[in-house]
Every structure is written in C-alpha cells, then in structure tokens.
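I have placed the structure first, in the form of structure tokens, so that the comments after it can refer back to it.
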Amino acid sequence: MGNSFQVEVSESQEELQHRLRHAVTATSKERLQMLYWIKVGAIATRQELSQRLGRDESTVYRWLQRYKQRGMNALLEVKTPKGLSALIPETVMNQLTERLRQPEGFKSYSQIQEWLRQEYQIVAAYKTVHKIVRYKLNAKLKVPRPRSAKAKPEVQEAFKKNCQK
C-alpha cells in the first residue's frame, strides 16, 4: 500500500472529548470524532475509518494530511467562498442612503434605478434596487398619502374639531 495509515494525534484524549462535546457544526464533530477514534485506537485502517464515518477514503486521507501538515485548527477550519462582489459599491451605497434621508427623496424604485444609471453608470434590476433599499438600507420611499380631489379642506377641519370632543 502506497500511503500507510500512520497518524500521531498530539492532543490528549480528554481534550478531544471536551472539543467533541462543545463542537457546534456537524463537520467539526465528524473530524473530531475521527481524531478521537484514532487516539483511542478504535480504528486500525483508513478504510475502516472511512466506513465508520460514511465518507470516501480520499476525503479521510485529505483530512488526515491537513491535520498532519497544519494541525487541529486547519482541520476544523471551514472555508466559505467569498461570493460575488456587491453590485453597488459602498461609496455609492452611502450616497444613496444620504439621498434617501433628504425630504424630497425618491418617488419610486424606478427613479432610483435611473439615478444610479445617470450618476454612477450602474445598471441594476428593479428587484435588486427594491431589495437593497427596502431590506438592506431599511428605507422607505417618500411618497405622500393619496388624497381625493373632491375633498373639501373646510369640511375636513370641521370633522377634526368635532372628532376630538
């Protein structure tokens, strides 16, 4: 066999048990369990270890190599991808926030789209603009409540005076 099963676990059995009890994620529990079994001597081969864990041998091999080369922290490290960069840069986001705070603000999300396109050459979908403004910036558009064209102001004032009594 090309790569023999020789792993020296430097942590104590008690430390591994403690970490295993306090592990939060399933991936860290799985990897700590692997080290614990090796430390206790419950496992003799990498094939047996992979069967117990329900993982492929190559996965177990990668985990063991990572542990040998870089230690416990590297083994338990979970890599998360960066993801896409933001469509609207932070500086533009700050300008948008300031503009939304002004009394005149924006009347519609389409108007915000147009403002982004003209001022910063940013083309954003309506849905994207809505999501950013409404949920990320927690802002609302400055749109007055609709009023009837037939409403008479003097009747409204009389109603307000009589209503308070």
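In the structure tokens, chains take letters A, B, ... by order of appearance, with residues numbered from 1 within each chain and ligands from 1 in the order shown.
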
*Run DSSP on the backbone and grab whatever in stretch 3-115 of chain A lands in alpha helix (DSSP H); send it over as a count of residues only.*
71

Sorted by chain and rising residue number, list the residues of stretch 24-95 of chain A at most 12 Å from stretch 125-138 of chain A (counting only C-alpha atoms), each with its closest atom pair and distance in Å to one decimal, as CSV.
residue,atom,partner,partner_atom,distance
A:Ala86,CA,A:Ile132,CA,10.7
A:Leu87,CA,A:Thr128,CA,9.1
A:Ile88,CA,A:Ile132,CA,9.2
A:Pro89,CA,A:Ile132,CA,11.9
A:Glu90,CA,A:Leu137,CA,11.8
A:Met93,CA,A:Leu137,CA,8.7
A:Asn94,CA,A:Leu137,CA,9.7
A:Gln95,CA,A:Leu137,CA,11.7

*For A:Pro144, list every protein, DNA or RNA residue within 10 Å, evaluated using only C-alpha atoms, and leave out those in the same chain fewer than 3 positions away; present the list as a count of residues only.*
3

*Can you pull out every residue within 9 Å of A:Met34, counting only C-alpha atoms, but drop anything in the same chain fewer than 5 positions away, and send it as a list in words?*
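Close residues of A:Met34: Lys29, Lys39, Ile43, Leu49, Leu53 and Val60 of chain A.
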
Could you take the residues named above and write them with N, CA and C atoms, as a PDB file, in the first residue's frame?
ATOM      1  N   LYS A  29     -17.635  18.100  14.319  1.00  0.00           N
ATOM      2  CA  LYS A  29     -17.876  16.910  15.133  1.00  0.00           C
ATOM      3  C   LYS A  29     -17.348  15.659  14.429  1.00  0.00           C
ATOM      4  N   LYS A  39      -7.011   8.285  18.311  1.00  0.00           N
ATOM      5  CA  LYS A  39      -6.315   8.417  19.601  1.00  0.00           C
ATOM      6  C   LYS A  39      -6.612   7.232  20.519  1.00  0.00           C
ATOM      7  N   ILE A  43      -9.687   2.351  15.715  1.00  0.00           N
ATOM      8  CA  ILE A  43      -9.602   2.190  14.262  1.00  0.00           C
ATOM      9  C   ILE A  43      -8.203   1.705  13.898  1.00  0.00           C
ATOM     10  N   LEU A  49     -11.966   3.455   8.990  1.00  0.00           N
ATOM     11  CA  LEU A  49     -12.331   4.811   9.411  1.00  0.00           C
ATOM     12  C   LEU A  49     -13.307   5.440   8.432  1.00  0.00           C
ATOM     13  N   LEU A  53     -17.217   6.594   9.285  1.00  0.00           N
ATOM     14  CA  LEU A  53     -17.624   7.989   9.092  1.00  0.00           C
ATOM     15  C   LEU A  53     -18.626   8.151   7.957  1.00  0.00           C
ATOM     16  N   VAL A  60     -11.128  11.189   3.825  1.00  0.00           N
ATOM     17  CA  VAL A  60     -10.460  10.928   5.103  1.00  0.00           C
ATOM     18  C   VAL A  60      -8.960  11.181   4.958  1.00  0.00           C
TER      19      VAL A  60
END

*Closest to A:Arg46 among A:Leu64, A:Val143, A:Leu116, A:Cys163, using only C-alpha atoms?*
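Closest to A:Arg46 of all the choices is A:Leu64.
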
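Candidate residues A:Lys140, A:Arg62, A:Lys68, A:His18 were compared for distance to A:Thr97, and the nearest is A:Lys140, using only C-alpha atoms.
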
*asked:* Can you pull out the residues contacting A:Val9? Cut-off 10 Å, using only C-alpha atoms, and skip same-chain residues under 3 positions away; I want them as number ranges by chain.
replied: A: 6, 12-13, 16, 35-36, 38-40, 64, 67-68, 71-72

Just write the chosen residues, C-alpha atoms, as a CSV table (one decimal), in the first residue's frame.
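Writing the result to out_3.csv gives the following:
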chain,number,residue,atom,x,y,z
A,6,GLN,CA,0.3,6.4,10.3
A,12,SER,CA,-5.0,14.3,24.7
A,13,GLN,CA,-8.0,12.1,24.8
A,16,LEU,CA,-10.6,15.7,22.2
A,35,LEU,CA,-9.2,12.0,15.7
A,36,TYR,CA,-10.8,10.6,18.8
A,38,ILE,CA,-7.5,7.3,16.2
A,39,LYS,CA,-6.3,8.4,19.6
A,40,VAL,CA,-8.3,5.7,21.4
A,64,LEU,CA,-5.5,13.5,7.9
A,67,TYR,CA,-4.1,17.6,10.3
A,68,LYS,CA,-0.5,16.3,9.9
A,71,GLY,CA,-2.7,21.0,12.9
A,72,MET,CA,-6.1,21.0,14.6

*At what distance in Å, to one decimal, does atom CA of A:Asn73 lie from atom CA of A:Ala44?*
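About the pair atom CA of A:Ala44 and atom CA of A:Asn73: they are 24.3 Å apart.
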